[in-house]
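Undergrad: Got a structure for you, questions after.
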Amino acid sequence: MEGTPLISVRLTSLSKGFPGKTTPALSKIEADIKSGCVTGIVGPDGAGKTTLLRIMAGLMKTSSGTIQMASSNISYMPQKFGLYEDLTVKENLDLYADLHGTGGLERKEALGRLLSFTRLAPFTSRYAGKLSGGMKQKLGLACCLISRPAILLLDEPSVGVDPVSRRELWGMVKDLSDDGICVLWSTAYLDEAERCAEVLVLNEGKLLYTGAPDGLFETVRGLTFLVEMKDEKTKRHAALEAIQRSEVLDSVIQGSKIRLVLKDGAPVPSDLKGAKSVEPAIPRFEDAFVKLVGGIPKERMMTGEPSSLPSDKASYGNSFEVEIENLTKKFGSFTAVDNISFKVEKGEVFGLLGPNGAGKSTTFKIMCGLLQATSGTARVSGVDLIKAAAVARERIGYMAQKFSLYGDISVVDNLKFFGGVYGLEGTSLDQSVSSAIEQFQLAEYVNSKANTLPLGFKQRLSMACSTMHNPGILFLDEPTSGVDPLTRREFWGRINAMVERGVSIVVTTHFMDEAEYCDRIALIFAGRMIACDTPDKIKLSVASTELPDPTLEEAFIELIKRSLPGVN
């Protein structure tokens with residue numbers, strides 16, 4: 001039929017198993033993937049996304065079933081694309097042009113087109129190792145497009161990329177699909193799935209859904225709600241209470257409110273303690289995914305009972321746990337952090353957001369005591385990080401972005417080691433280890449090596465090690481990057497329970513919905529703080545006739561635009 005999209009990839013009962021694994025990486029996958037659109041391969045880590053793309057790229061063979069590719073002109077961009085960091089942008093492009101046999105006028109035209117397309121023309125002489133994360137992804141994409149493929153495979157191209165760079169990548173990929181290229185974009189970011197024309201939703205090697213995202217939204221239509229609290233400070237306890245209810249599939253913080261996903265046929269919860277109102281909410285892809293997998297396992301969530309609250313909980317809002325004043329950090333003549341000031345209250349979740357290279361990570365490292373400021377002050381619980389760094393560090397916990405535990409030793413030995421690092425010994429150490437094993441439900445893996453743990457349990461162990469000494473402040477650097485939605489909710493349930501007990505949390509994140517879990521967020525750009533407020537107020541600050549109900553990502557990008565020279 002005229003106008004019917006061509007099928008670029010056909011998967012028929014495709015399965016893939018690996019020796020030593022009891023369950024297949026992919027199980028009887030059936031799908032038709034069309035040309036001229038972006039198809040999302042969506043799912044958490046371990047779902048089978050990378051295995052599927054490698055089979056399409058010809059790097060793996062199927063165990064059973066078939067795969068038909070309409071063209072052999074395929075480009076594959078893996079998660080860690082092979083850029084040569086000691087070569088310049090131009091030299092990397094030339095190298096890939098040589099590998100593809102592209103020369104003469106064809107090469108000149110291709111390089112000119114790609115440099116313009118990716119906006120890398122001003123950076124041709126810059127070494128790839130000196131590029132930001134977003135610029136590296138653009139260069140990797142340009143290298144993949146040298147031969148102008150018919151099918152483009154992108155394996156999680158936006159991991160670790162800030163929202164500004166991510167939007168630019170999506171714009172470029174959409175232009176490619178409009179030119180007829182079949183684009184497959186693998187992602188664990190479920191909000192990205194909403195931008196795709198079609199999606200394949202994978203979980204544990206099984207295909208849960210294939211089709212347009214709108215079809216998936218229909219499965220949760222009428223089941224998603226926003227709960228406004230009479231007192232915003234009770235939202236965390238209410239969210240923890242709600243997730244324990246049998247009729248609730250999901251319960252997360254969204255700005256000043258709580259977002260609920262209910263089971264089919266469940267009544268609207270009108271008896272949630274402290275609730276002011278309950279209103280229907282527009283479904284999101286993540287809501288539908290949580291429903292697809294059966295909701296959040298209740299046994300994985302902490303409750304944060306009121307009895308656990310410290311006696312000084314009433315001091316919330318009056319005692320500042322972290323104070324940053326006129327903070328500046330220079331590397332030679334380059335100013336990475338420029339005169340930043342803010343305060344983090346006791347029992348508050350405070351988020352640091354910013355594009356790659358904006359100064360967010362530098363600010364974070366100074367707050368953790370990992371980097372010394374050029375000028376200004378950073379105090380933790382009243383202790384100056386510059387003048388008394390050792391004392392200040394005793395009061396904080398730190399969880400790095402990368403899994404930073406010792407993979408070759410057991411769970412219990414990691415706990416003992418980090419407890420010792422924090423000054424615990426003897427009976428105190430033994431009690432802390434036992435408490436961490438019970439609290440983080442690590443008993444079944446206690447003698448397993450850390451590098452063999454499932455990703456969710458690695459997250460649990462990392463948090464357990466960083467909180468062995470019961471710190472008053474916990475610093476979390478991109479704590480849920482690449483983590484599936486269920487593990488992310490479990491992780492944030494633990495954070496919320498800690499906050500209910502009076503712990504202060506400072507977190508960096510690229511997930512915009514995760515930023516809405518924070519009480520306040522600071523937006524860092526070009527070394528300066530351009531906004532600091534609650535997520536709701538930040539969104540309201542950019543609302544206009546053209547953008548009446550902005551998302552946090554839209555607000556993020558709009559505020560960055562306003563901060564640029566010459567932009568009103």
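The way I read the labels, and the way they are meant: chains A, B, ... in the order of the structure tokens, residue 1 as the first residue of every chain, and ligand 1 as the first ligand shown, with later ones counted on from there.
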Sort by chain and increasing residue number a table of all residues of range 434-492 of chain A within 12 Å of range 231-240 of chain A, each with its closest pair of atoms and their distance in Å to one decimal, counting only C-alpha atoms, and write it as a tab-separated table.

TA:
```
residue	atom	partner	partner_atom	distance
A:Arg489	CA	A:Leu240	CA	10.7
A:Glu490	CA	A:Leu240	CA	10.5
A:Trp492	CA	A:Leu240	CA	9.9
```

Undergrad: Keeping only C-alpha atoms, write the selected residues to a file as a PDB file, in the first residue's frame.

TA:
```pdb
ATOM      1  CA  ARG A 489      12.282   3.810  43.485  1.00  0.00           C
ATOM      2  CA  GLU A 490      13.681   1.441  46.100  1.00  0.00           C
ATOM      3  CA  TRP A 492      14.716   6.813  46.771  1.00  0.00           C
TER       4      TRP A 492
END
```

Undergrad: Hey, what's within 9 Å of Ser448 in chain A if we count only C-alpha atoms and toss same-chain stuff fewer than 2 positions away? As number ranges by chain, please?

TA: A: 409-412, 444-446, 450-453

Undergrad: Include N, CA and C atoms and write out the residues we just selected as a PDB file, in the first residue's frame.

TA:
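This is the output file part-v3.pdb:
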```pdb
ATOM      1  N   ILE A 409      36.306  -8.547  46.885  1.00  0.00           N
ATOM      2  CA  ILE A 409      36.089  -9.026  48.248  1.00  0.00           C
ATOM      3  C   ILE A 409      34.591  -9.076  48.527  1.00  0.00           C
ATOM      4  N   SER A 410      34.219  -9.765  49.579  1.00  0.00           N
ATOM      5  CA  SER A 410      32.808 -10.033  49.859  1.00  0.00           C
ATOM      6  C   SER A 410      32.067  -8.790  50.340  1.00  0.00           C
ATOM      7  N   VAL A 411      30.750  -8.928  50.365  1.00  0.00           N
ATOM      8  CA  VAL A 411      29.886  -7.861  50.868  1.00  0.00           C
ATOM      9  C   VAL A 411      30.253  -7.515  52.306  1.00  0.00           C
ATOM     10  N   VAL A 412      30.382  -8.535  53.157  1.00  0.00           N
ATOM     11  CA  VAL A 412      30.663  -8.272  54.567  1.00  0.00           C
ATOM     12  C   VAL A 412      32.047  -7.656  54.747  1.00  0.00           C
ATOM     13  N   GLU A 444      21.371 -12.503  51.894  1.00  0.00           N
ATOM     14  CA  GLU A 444      21.570 -13.599  50.931  1.00  0.00           C
ATOM     15  C   GLU A 444      22.860 -13.451  50.127  1.00  0.00           C
ATOM     16  N   TYR A 445      23.458 -12.251  50.133  1.00  0.00           N
ATOM     17  CA  TYR A 445      24.680 -12.026  49.371  1.00  0.00           C
ATOM     18  C   TYR A 445      25.883 -11.723  50.266  1.00  0.00           C
ATOM     19  N   VAL A 446      25.752 -11.956  51.567  1.00  0.00           N
ATOM     20  CA  VAL A 446      26.756 -11.462  52.508  1.00  0.00           C
ATOM     21  C   VAL A 446      28.159 -11.981  52.222  1.00  0.00           C
ATOM     22  N   ALA A 450      31.556  -8.474  45.707  1.00  0.00           N
ATOM     23  CA  ALA A 450      30.754  -7.300  45.360  1.00  0.00           C
ATOM     24  C   ALA A 450      30.525  -7.176  43.857  1.00  0.00           C
ATOM     25  N   ASN A 451      31.538  -7.570  43.043  1.00  0.00           N
ATOM     26  CA  ASN A 451      31.375  -7.386  41.593  1.00  0.00           C
ATOM     27  C   ASN A 451      30.431  -8.408  40.961  1.00  0.00           C
ATOM     28  N   THR A 452      29.962  -9.390  41.740  1.00  0.00           N
ATOM     29  CA  THR A 452      29.008 -10.371  41.205  1.00  0.00           C
ATOM     30  C   THR A 452      27.563 -10.029  41.547  1.00  0.00           C
ATOM     31  N   LEU A 453      27.363  -8.955  42.302  1.00  0.00           N
ATOM     32  CA  LEU A 453      26.008  -8.604  42.738  1.00  0.00           C
ATOM     33  C   LEU A 453      25.175  -8.051  41.589  1.00  0.00           C
TER      34      LEU A 453
END
```

Undergrad: Which one is closest to Ile538 in chain A: A:Pro550, A:Gly502, A:Pro479, A:Gly407? Count only C-alpha atoms.

TA: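 Closest to Ile538 in chain A, using only C-alpha atoms: A:Pro550.
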
Undergrad: If we count only C-alpha atoms and set the cut-off at 9 Å, which residues sit around Thr12 in chain A, ignoring sequence neighbours fewer than 6 positions away in its own chain? Please answer as a ChimeraX atom specification.

TA: /A:28-32,65-68

Undergrad: May I ask which of the residues A:Gly20, A:Gly255, A:Gly472, A:Pro149 is the closest one to Tyr517 in chain A, counting only C-alpha atoms?

TA: A:Gly255

Undergrad: What is the CA of Thr118 in chain A to CA of Arg54 in chain A distance in Å?

TA: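 Straight-line distance from CA of Thr118 in chain A to CA of Arg54 in chain A works out to 25.2 Å.
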
Undergrad: Run DSSP on the backbone and give me the residues of range 208-421 of chain A it puts in alpha helix (DSSP H), as a VMD selection string.

TA: chain A and resid 213 to 217 235 to 243 285 to 292 360 to 368 389 to 393 411 to 421

Undergrad: Taking 6 positions as the minimum chain separation for residues in the same chain, which residues sit within 9 Å of Asp513 in chain A when counting only C-alpha atoms? Answer as a ChimeraX atom specification.

TA: /A:191,253-255,552-553

Undergrad: Calculated over only C-alpha atoms, which of the candidates A:Thr62, A:Ser375, A:Thr487, A:Ser8 has the smallest distance to Leu153 in chain A?

TA: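 Nearest candidate to Leu153 in chain A out of A:Thr62, A:Ser375, A:Thr487, A:Ser8: A:Ser8.
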
Undergrad: As an MDAnalysis selection string, please: every residue in range 176-425 of chain A that a backbone DSSP assignment puts in strand (DSSP E or B).

TA: chainID A and resid 182:187 198:203 206:211 224:229 248:254 257:262 275:280 320:331 334:345 349:353 375:380 383:384 396:399 410

Undergrad: Please produce an output containing C-alpha atoms for each residue in the selection, written as a JSON list (two decimals), in the first residue's frame.

TA:
```json
[["chain", "number", "residue", "atom", "x", "y", "z"],
["A", 182, "CYS", "CA", 15.98, 3.67, 10.33],
["A", 183, "VAL", "CA", 17.17, 4.73, 13.78],
["A", 184, "LEU", "CA", 17.15, 2.45, 16.83],
["A", 185, "TRP", "CA", 17.83, 4.29, 20.09],
["A", 186, "SER", "CA", 18.45, 2.13, 23.16],
["A", 187, "THR", "CA", 17.73, 3.77, 26.51],
["A", 198, "GLU", "CA", 7.56, 3.34, 18.27],
["A", 199, "VAL", "CA", 9.07, 1.41, 21.16],
["A", 200, "LEU", "CA", 10.13, -2.11, 22.05],
["A", 201, "VAL", "CA", 9.89, -2.45, 25.84],
["A", 202, "LEU", "CA", 12.19, -5.15, 27.21],
["A", 203, "ASN", "CA", 12.55, -6.53, 30.72],
["A", 206, "LYS", "CA", 11.26, -10.56, 27.34],
["A", 207, "LEU", "CA", 9.36, -8.21, 25.04],
["A", 208, "LEU", "CA", 6.61, -6.63, 27.16],
["A", 209, "TYR", "CA", 5.23, -4.23, 24.56],
["A", 210, "THR", "CA", 5.78, -3.12, 20.99],
["A", 211, "GLY", "CA", 4.05, -0.21, 19.27],
["A", 224, "THR", "CA", -2.45, 8.12, 37.81],
["A", 225, "PHE", "CA", -3.00, 10.83, 40.43],
["A", 226, "LEU", "CA", -1.26, 13.77, 42.08],
["A", 227, "VAL", "CA", -1.77, 14.21, 45.83],
["A", 228, "GLU", "CA", -1.34, 17.67, 47.32],
["A", 229, "MET", "CA", -0.43, 17.69, 51.01],
["A", 248, "VAL", "CA", -0.93, 1.33, 45.05],
["A", 249, "LEU", "CA", 1.52, 0.22, 42.32],
["A", 250, "ASP", "CA", 3.80, 3.26, 42.57],
["A", 251, "SER", "CA", 4.33, 6.27, 44.83],
["A", 252, "VAL", "CA", 6.95, 8.95, 44.12],
["A", 253, "ILE", "CA", 7.58, 12.59, 44.97],
["A", 254, "GLN", "CA", 6.81, 15.09, 42.19],
["A", 257, "LYS", "CA", 3.11, 16.61, 45.54],
["A", 258, "ILE", "CA", 3.01, 12.81, 45.51],
["A", 259, "ARG", "CA", 2.45, 10.90, 42.28],
["A", 260, "LEU", "CA", 0.46, 7.66, 42.58],
["A", 261, "VAL", "CA", -0.22, 4.83, 40.15],
["A", 262, "LEU", "CA", -3.10, 2.56, 41.19],
["A", 275, "ALA", "CA", -3.68, 14.87, 52.02],
["A", 276, "LYS", "CA", -5.33, 18.12, 50.97],
["A", 277, "SER", "CA", -6.55, 17.01, 47.53],
["A", 278, "VAL", "CA", -6.19, 14.17, 45.00],
["A", 279, "GLU", "CA", -6.38, 15.08, 41.31],
["A", 280, "PRO", "CA", -6.01, 12.99, 38.10],
["A", 320, "PHE", "CA", 21.60, 24.70, 58.11],
["A", 321, "GLU", "CA", 23.68, 21.56, 57.63],
["A", 322, "VAL", "CA", 25.69, 22.81, 54.62],
["A", 323, "GLU", "CA", 26.64, 26.43, 53.98],
["A", 324, "ILE", "CA", 28.38, 27.58, 50.82],
["A", 325, "GLU", "CA", 29.43, 31.24, 50.69],
["A", 326, "ASN", "CA", 31.09, 33.01, 47.75],
["A", 327, "LEU", "CA", 32.65, 29.74, 46.64],
["A", 328, "THR", "CA", 35.17, 30.08, 43.81],
["A", 329, "LYS", "CA", 37.42, 27.49, 42.20],
["A", 330, "LYS", "CA", 40.00, 28.28, 39.54],
["A", 331, "PHE", "CA", 42.19, 25.94, 37.53],
["A", 334, "PHE", "CA", 39.93, 29.05, 34.06],
["A", 335, "THR", "CA", 37.16, 29.74, 36.60],
["A", 336, "ALA", "CA", 35.18, 26.52, 37.10],
["A", 337, "VAL", "CA", 33.05, 27.84, 39.99],
["A", 338, "ASP", "CA", 32.31, 31.55, 40.20],
["A", 339, "ASN", "CA", 31.17, 33.05, 43.53],
["A", 340, "ILE", "CA", 28.40, 30.56, 44.38],
["A", 341, "SER", "CA", 26.41, 30.75, 47.62],
["A", 342, "PHE", "CA", 23.58, 28.58, 49.00],
["A", 343, "LYS", "CA", 22.52, 26.68, 52.12],
["A", 344, "VAL", "CA", 21.20, 23.17, 52.64],
["A", 345, "GLU", "CA", 18.78, 22.78, 55.52],
["A", 349, "VAL", "CA", 17.02, 16.90, 49.82],
["A", 350, "PHE", "CA", 19.01, 19.43, 47.79],
["A", 351, "GLY", "CA", 19.77, 18.82, 44.11],
["A", 352, "LEU", "CA", 22.65, 20.15, 42.02],
["A", 353, "LEU", "CA", 21.88, 20.31, 38.30],
["A", 375, "SER", "CA", 38.31, 31.19, 47.82],
["A", 376, "GLY", "CA", 35.07, 31.37, 49.76],
["A", 377, "THR", "CA", 33.86, 29.03, 52.48],
["A", 378, "ALA", "CA", 32.20, 25.62, 52.66],
["A", 379, "ARG", "CA", 30.91, 24.51, 56.06],
["A", 380, "VAL", "CA", 29.37, 21.20, 57.07],
["A", 383, "VAL", "CA", 32.79, 22.95, 60.52],
["A", 384, "ASP", "CA", 34.90, 24.65, 57.85],
["A", 396, "ILE", "CA", 29.36, 13.18, 55.93],
["A", 397, "GLY", "CA", 28.77, 10.12, 53.80],
["A", 398, "TYR", "CA", 29.70, 9.98, 50.12],
["A", 399, "MET", "CA", 28.43, 7.68, 47.37],
["A", 410, "SER", "CA", 32.81, -10.03, 49.86]]
```

Undergrad: Taking only C-alpha atoms into account, which of A:Asp287, A:Gly101, A:Arg126, A:Arg167 comes nearest Glu554 in chain A?

TA: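 Residue with the minimum atom-to-atom distance to Glu554 in chain A: A:Arg167.
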
Undergrad: Which polymer residues have any atom within 12 Å of an atom of Leu424 in chain A, counting only C-alpha atoms, with same-chain residues fewer than 6 positions away left out, as a PyMOL selection string?

TA: chain A and resi 394+415-418+430-433+465+467-470

Undergrad: Given only C-alpha atoms as the basis, pick out the residue of A:Val268, A:Ile524, A:Ala110, A:Val9 nearest to Gly359 in chain A.

TA: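 Of A:Val268, A:Ile524, A:Ala110, A:Val9, the one nearest Gly359 in chain A, counting only C-alpha atoms, is A:Ile524.
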
Undergrad: For Cys368 in chain A, which of A:Val506, A:Leu99, A:Thr51, A:Leu429 is the closest residue, counting only C-alpha atoms?

TA: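 Between A:Val506, A:Leu99, A:Thr51, A:Leu429, the residue approaching Cys368 in chain A most closely is A:Val506.
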
Undergrad: Which residues are near Leu371 in chain A? Cut-off 10 Å, only C-alpha atoms, ignore same chain within fewer than 6 positions. Put them as a ChimeraX atom specification.

TA: /A:329,362-365,385-386

Undergrad: I'd like the neighbourhood of Val38 in chain A as a PyMOL selection string, where a residue qualifies if any of its atoms comes within 12 Å (using only C-alpha atoms), though same-chain residues fewer than 3 positions away should be ignored.

TA: chain A and resi 8+33-35+41+151-154+170-186+192-200+211-213
